[in-house]
Amino acid sequence: MRNTSSRRGAPPSPIRAHGPYTAPVTDISAPSGTGAADDESPDVPHAAPPSAAGPAAGTRQWLGVIEEYRDRLPVGDSTPVVTLREGGTPLVHSTRLSERTGCEVWLKLEGSNPTGSFKDRGMTVAISKALETRAEAVLCASTGNTSASAAAYAAKAGLTCGVVVPRGKIALGKLAQALVHGATVLQIDGSFDAALEVCQELARRYRVELVNSTNPHRIEGQKTGAFEVVDFLGRAPDVHVMPVGNAGNITAWWQGYREEAEVGRVDGLPVLRGYQAAGASPIVRGERVMEPTTIATAIRIGNPASWSRAVAAADESQGSIRSVTDRAILQAYRLLAGEGVFAEMASAASVAGLLDLADRAELSAGGTVVCVLTGNGLKDPDWAIAGAAPPRMLPPSVDAAAAHLGLERTAFDQ
Ligand SMILES: Cc1ncc(COP(=O)(O)O)c(C=O)c1O
Ligand SMILES: N[C@@H](CCOP(=O)(O)O)C(=O)O
């Protein structure tokens with residue numbers, strides 16, 4: 001698939017070999033030799049994977065993390081690929097954040113993954129490997145997104161899925177996802193951290209595969225986010241900003257960037273800036289938080305499993321892990337929505353962090369910044385609705401609607 005060795009030594013090209021694609025290339029009428037499909041570089045696969053019905057000849061579809069990056073992942077010919085065609089997410093330029101910070105700010109929309117969060121990148125690998133090793137059941141602790149992803153990929157694979165969540169602190173949309181995909185959902189009277197301890201012990205005692213980010217295959221899959229950013233930008237960003245909860249994702253992105261440097265696709269590495277929510281900031285405080293609190297429920301975590309690896313990643317990159325207040329997260333959430341991006345609250349922590357960096361004058365003018373928006377706002381619409389005026393109730397009248405929309409002055413002359 002992706003022939004990285006052919007790029008070694010050559011300057012990274014801003015024209016990516018493939019991805020991110022969010023939709024099939026539909027122009028199949030283009031004449032051979034001149035059409036869009038033929039503009040792709042030679043290493044772009046035009047055939048479907050052997051196990052799936054392929055697209056029509058000449059079309060190019062994003063195949064999912066494993067098929068796109070097979071040579072960079074721990075999969076072999078005998079690994080059954082369980083995919084929902086995750087990855088290939090948009091990297092969107094933010095005009096407002098660029099103007100506000102004096103940098104070129106790009107938003108990596110991980111909420112565009114099949115189950116609405118970055119977890120899918122890791123889950124495709126973890127579930128594929130679970131199937132390869134003949135696991136019959138998978139298990140996870142979750143603040144919501146991991147359970148949604150695990151349940152979906154387990155359903156796709158035909159595996160049984162168990163999920164343990166903290167009572168009452170999980171967004172309804174995420175719970176709905178786990179339930180609709182047939183997972184057995186258990187709530188415990190305790191935090192996410194307690195739920196993870198229960199799951200770790202279950203995995204020690206029973207034949208069940210733990211698919212939290214303590215599973216190395218999750219990290220392997222999630223590192224592909226960095227590959228995509230490099231594919232798109234043709235280089236690593238100067239600064240990479242993201243939320244931190246259980247700390248697997250920052251670990252994975254750093255691994256991804258480092259590997260890109262090792263194979264010669266980038267010259268420099270980004271400075272990593274990770275952000276916890278102030279009420280759930282064990283890494284910043286330097287001690288476990290027994291009762292974490294934040295409106296960003298996805299990162300309501302008091303004892304991150306990848307704590308030391310996240311600190312090592314931030315340190316190696318000359319970066320930091322800091323915290324942002326819930327107020328700042330909420331402001332960032334609304335700012336993103338005002339530019340057309342509906343991200344979940346935890347995701348907005350990265351933009352709150354970016355604005356904090358700008359306020360402290362810690363960004364170099366003109367630098368390239370990537371903010372990861374980890375999950376889709378639709379999973380937890382309560383905050384969006386709470387902050388908005390309720391829709392007006394009107395009679396079914398054109399005049400009444402025009403008046404309320406302020407359209408009277410723009411009417412065409414009769
Ligand atoms: C939407 C969202 N953002 C950020 C995070 C934090 O990622 P990590 O736990 O890998 O630090 C999570 C999960 O923890 C999440 O669900
Ligand atoms: N926010 C996470 C917490 C668990 O993270 P994981 O990456 O270790 O599975 C969730 O969605 O449950």
# chains A, B, ... in the order shown; residues from 1 in each chain; ligands from 1
>>> residues_around(residues="A:Ala365", least_positions_apart="6", cutoff="10 Å", atoms="only C-alpha atoms", output="PDB file with C-alpha atoms, in the first residue's frame")
ATOM      1  CA  SER A  98      -5.558  31.428  12.549  1.00  0.00           C
ATOM      2  CA  THR A 101      -3.404  33.232  17.068  1.00  0.00           C
ATOM      3  CA  GLY A 102      -1.277  34.510  14.186  1.00  0.00           C
ATOM      4  CA  CYS A 103      -0.594  30.903  13.180  1.00  0.00           C
ATOM      5  CA  GLU A 104      -1.939  28.608  10.485  1.00  0.00           C
ATOM      6  CA  ALA A 358      -1.755  32.468  22.307  1.00  0.00           C
TER       7      ALA A 358
END
>>> residues_near_ligand(ligand="ligand 1", cutoff="6 Å", atoms="only C-alpha atoms and all ligand atoms", output="PyMOL selection string")
chain A and resi 145+243-249+298-299+346-347+374-375
>>> write_last_selection(atoms="N, CA and C atoms", output="PDB file, in the first residue's frame")
ATOM      1  N   ASN A 145     -16.801   6.972  24.685  1.00  0.00           N
ATOM      2  CA  ASN A 145     -16.385   6.769  23.293  1.00  0.00           C
ATOM      3  C   ASN A 145     -15.746   5.404  23.047  1.00  0.00           C
ATOM      4  N   PRO A 243      -6.481  17.106  23.608  1.00  0.00           N
ATOM      5  CA  PRO A 243      -6.924  16.837  24.975  1.00  0.00           C
ATOM      6  C   PRO A 243      -6.248  15.578  25.531  1.00  0.00           C
ATOM      7  N   VAL A 244      -6.176  15.505  26.839  1.00  0.00           N
ATOM      8  CA  VAL A 244      -5.578  14.325  27.486  1.00  0.00           C
ATOM      9  C   VAL A 244      -6.539  13.808  28.555  1.00  0.00           C
ATOM     10  N   GLY A 245      -6.849  12.515  28.461  1.00  0.00           N
ATOM     11  CA  GLY A 245      -7.696  11.875  29.462  1.00  0.00           C
ATOM     12  C   GLY A 245      -6.968  10.677  30.035  1.00  0.00           C
ATOM     13  N   ASN A 246      -7.180   9.515  29.394  1.00  0.00           N
ATOM     14  CA  ASN A 246      -6.454   8.317  29.840  1.00  0.00           C
ATOM     15  C   ASN A 246      -5.039   8.305  29.277  1.00  0.00           C
ATOM     16  N   ALA A 247      -4.762   9.265  28.410  1.00  0.00           N
ATOM     17  CA  ALA A 247      -3.416   9.580  27.910  1.00  0.00           C
ATOM     18  C   ALA A 247      -2.867   8.622  26.845  1.00  0.00           C
ATOM     19  N   GLY A 248      -3.715   7.743  26.329  1.00  0.00           N
ATOM     20  CA  GLY A 248      -3.272   6.852  25.255  1.00  0.00           C
ATOM     21  C   GLY A 248      -3.071   7.596  23.945  1.00  0.00           C
ATOM     22  N   ASN A 249      -3.931   8.567  23.673  1.00  0.00           N
ATOM     23  CA  ASN A 249      -3.898   9.195  22.356  1.00  0.00           C
ATOM     24  C   ASN A 249      -2.668  10.072  22.159  1.00  0.00           C
ATOM     25  N   ALA A 298     -15.750  13.029  28.768  1.00  0.00           N
ATOM     26  CA  ALA A 298     -14.858  12.045  28.129  1.00  0.00           C
ATOM     27  C   ALA A 298     -13.475  12.023  28.771  1.00  0.00           C
ATOM     28  N   ILE A 299     -13.066  13.152  29.350  1.00  0.00           N
ATOM     29  CA  ILE A 299     -11.732  13.199  29.971  1.00  0.00           C
ATOM     30  C   ILE A 299     -11.836  13.371  31.493  1.00  0.00           C
ATOM     31  N   ALA A 346     -14.947  17.557  25.334  1.00  0.00           N
ATOM     32  CA  ALA A 346     -13.551  17.178  25.610  1.00  0.00           C
ATOM     33  C   ALA A 346     -12.634  17.626  24.483  1.00  0.00           C
ATOM     34  N   SER A 347     -13.135  17.559  23.261  1.00  0.00           N
ATOM     35  CA  SER A 347     -12.327  17.970  22.109  1.00  0.00           C
ATOM     36  C   SER A 347     -11.975  19.445  22.186  1.00  0.00           C
ATOM     37  N   THR A 374     -11.297  15.454  18.966  1.00  0.00           N
ATOM     38  CA  THR A 374     -11.324  14.007  19.158  1.00  0.00           C
ATOM     39  C   THR A 374     -12.671  13.334  18.952  1.00  0.00           C
ATOM     40  N   GLY A 375     -13.768  14.086  19.165  1.00  0.00           N
ATOM     41  CA  GLY A 375     -15.075  13.430  19.093  1.00  0.00           C
ATOM     42  C   GLY A 375     -16.151  14.360  18.563  1.00  0.00           C
TER      43      GLY A 375
END
>>> residues_near_ligand(ligand="ligand 2", cutoff="10 Å", atoms="only C-alpha atoms and all ligand atoms", output="PDB file with C-alpha atoms, in the first residue's frame")
ATOM      1  CA  SER A 117     -14.346   9.505  17.673  1.00  0.00           C
ATOM      2  CA  PHE A 118     -10.644   8.755  17.256  1.00  0.00           C
ATOM      3  CA  LYS A 119     -11.081   5.466  19.115  1.00  0.00           C
ATOM      4  CA  GLY A 122      -7.215   1.927  17.433  1.00  0.00           C
ATOM      5  CA  MET A 123     -10.258  -0.298  17.650  1.00  0.00           C
ATOM      6  CA  CYS A 140     -13.506  -2.140  28.111  1.00  0.00           C
ATOM      7  CA  ALA A 141     -13.984   0.512  30.745  1.00  0.00           C
ATOM      8  CA  SER A 142     -15.251   3.737  29.292  1.00  0.00           C
ATOM      9  CA  THR A 143     -16.366   7.307  29.704  1.00  0.00           C
ATOM     10  CA  GLY A 144     -18.341   6.643  26.521  1.00  0.00           C
ATOM     11  CA  ASN A 145     -16.385   6.769  23.293  1.00  0.00           C
ATOM     12  CA  THR A 146     -14.312   3.642  23.786  1.00  0.00           C
ATOM     13  CA  SER A 147     -17.486   1.696  24.566  1.00  0.00           C
ATOM     14  CA  ALA A 148     -19.222   3.022  21.439  1.00  0.00           C
ATOM     15  CA  SER A 149     -16.270   2.054  19.292  1.00  0.00           C
ATOM     16  CA  ALA A 150     -15.649  -1.326  20.941  1.00  0.00           C
ATOM     17  CA  VAL A 163     -18.560  -2.447  28.775  1.00  0.00           C
ATOM     18  CA  VAL A 164     -18.125  -0.998  32.267  1.00  0.00           C
ATOM     19  CA  VAL A 165     -19.008   2.677  32.689  1.00  0.00           C
ATOM     20  CA  PRO A 166     -19.091   5.099  35.599  1.00  0.00           C
ATOM     21  CA  ILE A 170     -21.699   9.076  30.304  1.00  0.00           C
ATOM     22  CA  LYS A 174     -22.452   7.228  23.546  1.00  0.00           C
ATOM     23  CA  PHE A 192     -13.807   5.604  35.198  1.00  0.00           C
ATOM     24  CA  ASP A 193     -10.582   4.745  37.008  1.00  0.00           C
ATOM     25  CA  ALA A 195     -14.131   0.798  36.147  1.00  0.00           C
ATOM     26  CA  LEU A 196     -10.765   0.309  34.428  1.00  0.00           C
ATOM     27  CA  LEU A 210      -9.214  -5.790  27.126  1.00  0.00           C
ATOM     28  CA  VAL A 211      -9.542  -3.167  24.367  1.00  0.00           C
ATOM     29  CA  ASN A 212      -8.773  -0.004  26.300  1.00  0.00           C
ATOM     30  CA  SER A 213      -5.666   1.912  25.279  1.00  0.00           C
ATOM     31  CA  THR A 214      -3.610  -0.269  27.622  1.00  0.00           C
ATOM     32  CA  ASN A 215      -3.876  -2.695  24.704  1.00  0.00           C
ATOM     33  CA  ARG A 218      -4.995   0.502  20.152  1.00  0.00           C
ATOM     34  CA  ILE A 219      -1.929   2.751  20.270  1.00  0.00           C
ATOM     35  CA  GLN A 222      -4.213   5.597  16.748  1.00  0.00           C
ATOM     36  CA  VAL A 244      -5.578  14.325  27.486  1.00  0.00           C
ATOM     37  CA  GLY A 245      -7.696  11.875  29.462  1.00  0.00           C
ATOM     38  CA  ASN A 246      -6.454   8.317  29.840  1.00  0.00           C
ATOM     39  CA  ALA A 247      -3.416   9.580  27.910  1.00  0.00           C
ATOM     40  CA  GLY A 248      -3.272   6.852  25.255  1.00  0.00           C
ATOM     41  CA  ASN A 249      -3.898   9.195  22.356  1.00  0.00           C
ATOM     42  CA  ALA A 296     -15.905  17.345  29.492  1.00  0.00           C
ATOM     43  CA  THR A 297     -17.045  13.896  30.643  1.00  0.00           C
ATOM     44  CA  ALA A 298     -14.858  12.045  28.129  1.00  0.00           C
ATOM     45  CA  ILE A 299     -11.732  13.199  29.971  1.00  0.00           C
ATOM     46  CA  ARG A 300     -13.115  12.907  33.481  1.00  0.00           C
ATOM     47  CA  ILE A 301     -10.239  10.670  34.490  1.00  0.00           C
ATOM     48  CA  PRO A 304      -4.512   7.951  33.439  1.00  0.00           C
ATOM     49  CA  ALA A 305      -3.294   4.524  32.343  1.00  0.00           C
ATOM     50  CA  SER A 306      -0.604   5.994  30.059  1.00  0.00           C
ATOM     51  CA  ALA A 346     -13.551  17.178  25.610  1.00  0.00           C
ATOM     52  CA  THR A 374     -11.324  14.007  19.158  1.00  0.00           C
ATOM     53  CA  GLY A 375     -15.075  13.430  19.093  1.00  0.00           C
TER      54      GLY A 375
END
>>> residues_around(residues="A:Asn113", least_positions_apart="3", cutoff="9 Å", atoms="only C-alpha atoms", output="MDAnalysis selection string")
chainID A and resid 84:89 109:110 116:121 375:376
>>> closest_residue(among="A:Thr124, A:Gln331, A:Thr293, A:Ser323", to="A:Leu73", atoms="only C-alpha atoms")
A:Thr124
>>> closest_residue(among="A:Tyr333, A:Val75, A:Cys199, A:Glu287", to="A:Pro381", atoms="only C-alpha atoms")
A:Tyr333
>>> residues_around(residues="stretch 384-393 of chain A", least_positions_apart="2", cutoff="10 Å", atoms="only C-alpha atoms", output="JSON list (two decimals) with N, CA and C atoms, in the first residue's frame")
[["chain", "number", "residue", "atom", "x", "y", "z"],
["A", 330, "LEU", "N", -15.76, 25.49, 27.48],
["A", 330, "LEU", "CA", -17.08, 25.85, 26.96],
["A", 330, "LEU", "C", -16.98, 26.97, 25.93],
["A", 333, "TYR", "N", -15.66, 25.49, 22.78],
["A", 333, "TYR", "CA", -16.73, 24.66, 22.17],
["A", 333, "TYR", "C", -17.65, 25.55, 21.34],
["A", 334, "ARG", "N", -18.02, 26.71, 21.90],
["A", 334, "ARG", "CA", -18.92, 27.62, 21.18],
["A", 334, "ARG", "C", -18.21, 28.29, 20.01],
["A", 337, "ALA", "N", -18.15, 25.86, 17.21],
["A", 337, "ALA", "CA", -19.48, 25.72, 16.61],
["A", 337, "ALA", "C", -19.76, 26.92, 15.70],
["A", 342, "PHE", "N", -18.82, 21.05, 14.96],
["A", 342, "PHE", "CA", -19.52, 20.58, 16.16],
["A", 342, "PHE", "C", -18.69, 19.46, 16.78],
["A", 344, "GLU", "N", -17.18, 17.53, 20.39],
["A", 344, "GLU", "CA", -17.66, 17.33, 21.76],
["A", 344, "GLU", "C", -16.81, 18.13, 22.74],
["A", 345, "MET", "N", -17.33, 18.27, 23.95],
["A", 345, "MET", "CA", -16.73, 19.17, 24.92],
["A", 345, "MET", "C", -15.24, 18.83, 25.19],
["A", 377, "GLY", "N", -19.68, 16.32, 18.31],
["A", 377, "GLY", "CA", -20.59, 16.98, 19.24],
["A", 377, "GLY", "C", -21.97, 16.36, 19.31],
["A", 378, "LEU", "N", -22.37, 15.64, 18.27],
["A", 378, "LEU", "CA", -23.71, 15.04, 18.28],
["A", 378, "LEU", "C", -23.87, 13.99, 19.37],
["A", 380, "ASP", "N", -23.33, 14.29, 22.40],
["A", 380, "ASP", "CA", -23.76, 14.88, 23.68],
["A", 380, "ASP", "C", -24.35, 16.26, 23.40],
["A", 381, "PRO", "N", -25.57, 16.30, 22.82],
["A", 381, "PRO", "CA", -26.11, 17.59, 22.38],
["A", 381, "PRO", "C", -26.63, 18.48, 23.50],
["A", 382, "ASP", "N", -26.64, 17.98, 24.72],
["A", 382, "ASP", "CA", -27.24, 18.75, 25.83],
["A", 382, "ASP", "C", -26.65, 20.15, 25.97],
["A", 395, "PRO", "N", -47.30, 30.20, 13.58],
["A", 395, "PRO", "CA", -48.29, 29.59, 12.68],
["A", 395, "PRO", "C", -47.61, 29.29, 11.34],
["A", 396, "PRO", "N", -48.17, 28.38, 10.54],
["A", 396, "PRO", "CA", -47.55, 28.06, 9.23],
["A", 396, "PRO", "C", -47.79, 29.19, 8.24],
["A", 401, "ALA", "N", -42.96, 33.82, 9.22],
["A", 401, "ALA", "CA", -41.60, 33.28, 9.14],
["A", 401, "ALA", "C", -40.63, 34.34, 8.63],
["A", 404, "HIS", "N", -39.83, 36.84, 11.37],
["A", 404, "HIS", "CA", -38.91, 36.34, 12.39],
["A", 404, "HIS", "C", -37.51, 36.10, 11.85]]
>>> residues_around(residues="A:Met242", least_positions_apart="3", cutoff="6 Å", atoms="only C-alpha atoms", output="PyMOL selection string")
chain A and resi 274+350+371-372
>>> atom_distance(atom1="atom CA of A:Lys129", atom2="atom CA of A:Val208")
12.7 Å
>>> residues_around(residues="A:Leu97", least_positions_apart="5", cutoff="12 Å", atoms="only C-alpha atoms", output="list in words")
Val92, Gly102, Cys103, Glu104, Val105, Trp106, Leu107, Ala332, Leu335, Leu336, Gly338, Glu339, Ser350, Val351, Ala352, Gly353, Leu354, Leu355, Ala358, Thr368, Val369, Val370 and Cys371 of chain A
>>> select_by_dssp(residues="stretch 86-244 of chain A", states="alpha helix (DSSP H)", output="ChimeraX atom specification")
/A:95-101,119-132,145-157,172-180,192-205,216-222,224-233
>>> atom_distance(atom1="atom CA of A:Ile329", atom2="atom CA of A:Ala278")
9.9 Å
>>> closest_residue(among="A:Ala403, A:Ala126, A:Val341, A:Leu91", to="A:Gly225", atoms="only C-alpha atoms")
A:Leu91
>>> select_by_dssp(residues="stretch 177-266 of chain A", states="strand (DSSP E)", output="list in words")
Thr184, Val185, Leu186, Gln187, Ile188, Glu209, Leu210, Val239, His240, Val241, Met242 and Pro243 of chain A
>>> write_last_selection(atoms="C-alpha atoms", output="mmCIF file, in the first residue's frame")
data_model
loop_
_atom_site.group_PDB
_atom_site.id
_atom_site.type_symbol
_atom_site.label_atom_id
_atom_site.label_comp_id
_atom_site.auth_asym_id
_atom_site.auth_seq_id
_atom_site.Cartn_x
_atom_site.Cartn_y
_atom_site.Cartn_z
ATOM 1 C CA THR A 184 -23.583 -5.664 27.640
ATOM 2 C CA VAL A 185 -23.303 -2.400 29.557
ATOM 3 C CA LEU A 186 -22.586 -2.406 33.287
ATOM 4 C CA GLN A 187 -22.611 0.768 35.353
ATOM 5 C CA ILE A 188 -20.544 0.898 38.499
ATOM 6 C CA GLU A 209 -9.529 -9.244 25.588
ATOM 7 C CA LEU A 210 -9.214 -5.790 27.126
ATOM 8 C CA VAL A 239 2.760 22.593 17.334
ATOM 9 C CA HIS A 240 0.298 19.763 17.968
ATOM 10 C CA VAL A 241 -2.478 20.394 20.501
ATOM 11 C CA MET A 242 -4.834 17.778 21.948
ATOM 12 C CA PRO A 243 -6.924 16.837 24.975
#
>>> closest_residue(among="A:Gly168, A:Glu259, A:Val138, A:Ala411", to="A:Arg207", atoms="only C-alpha atoms")
A:Val138
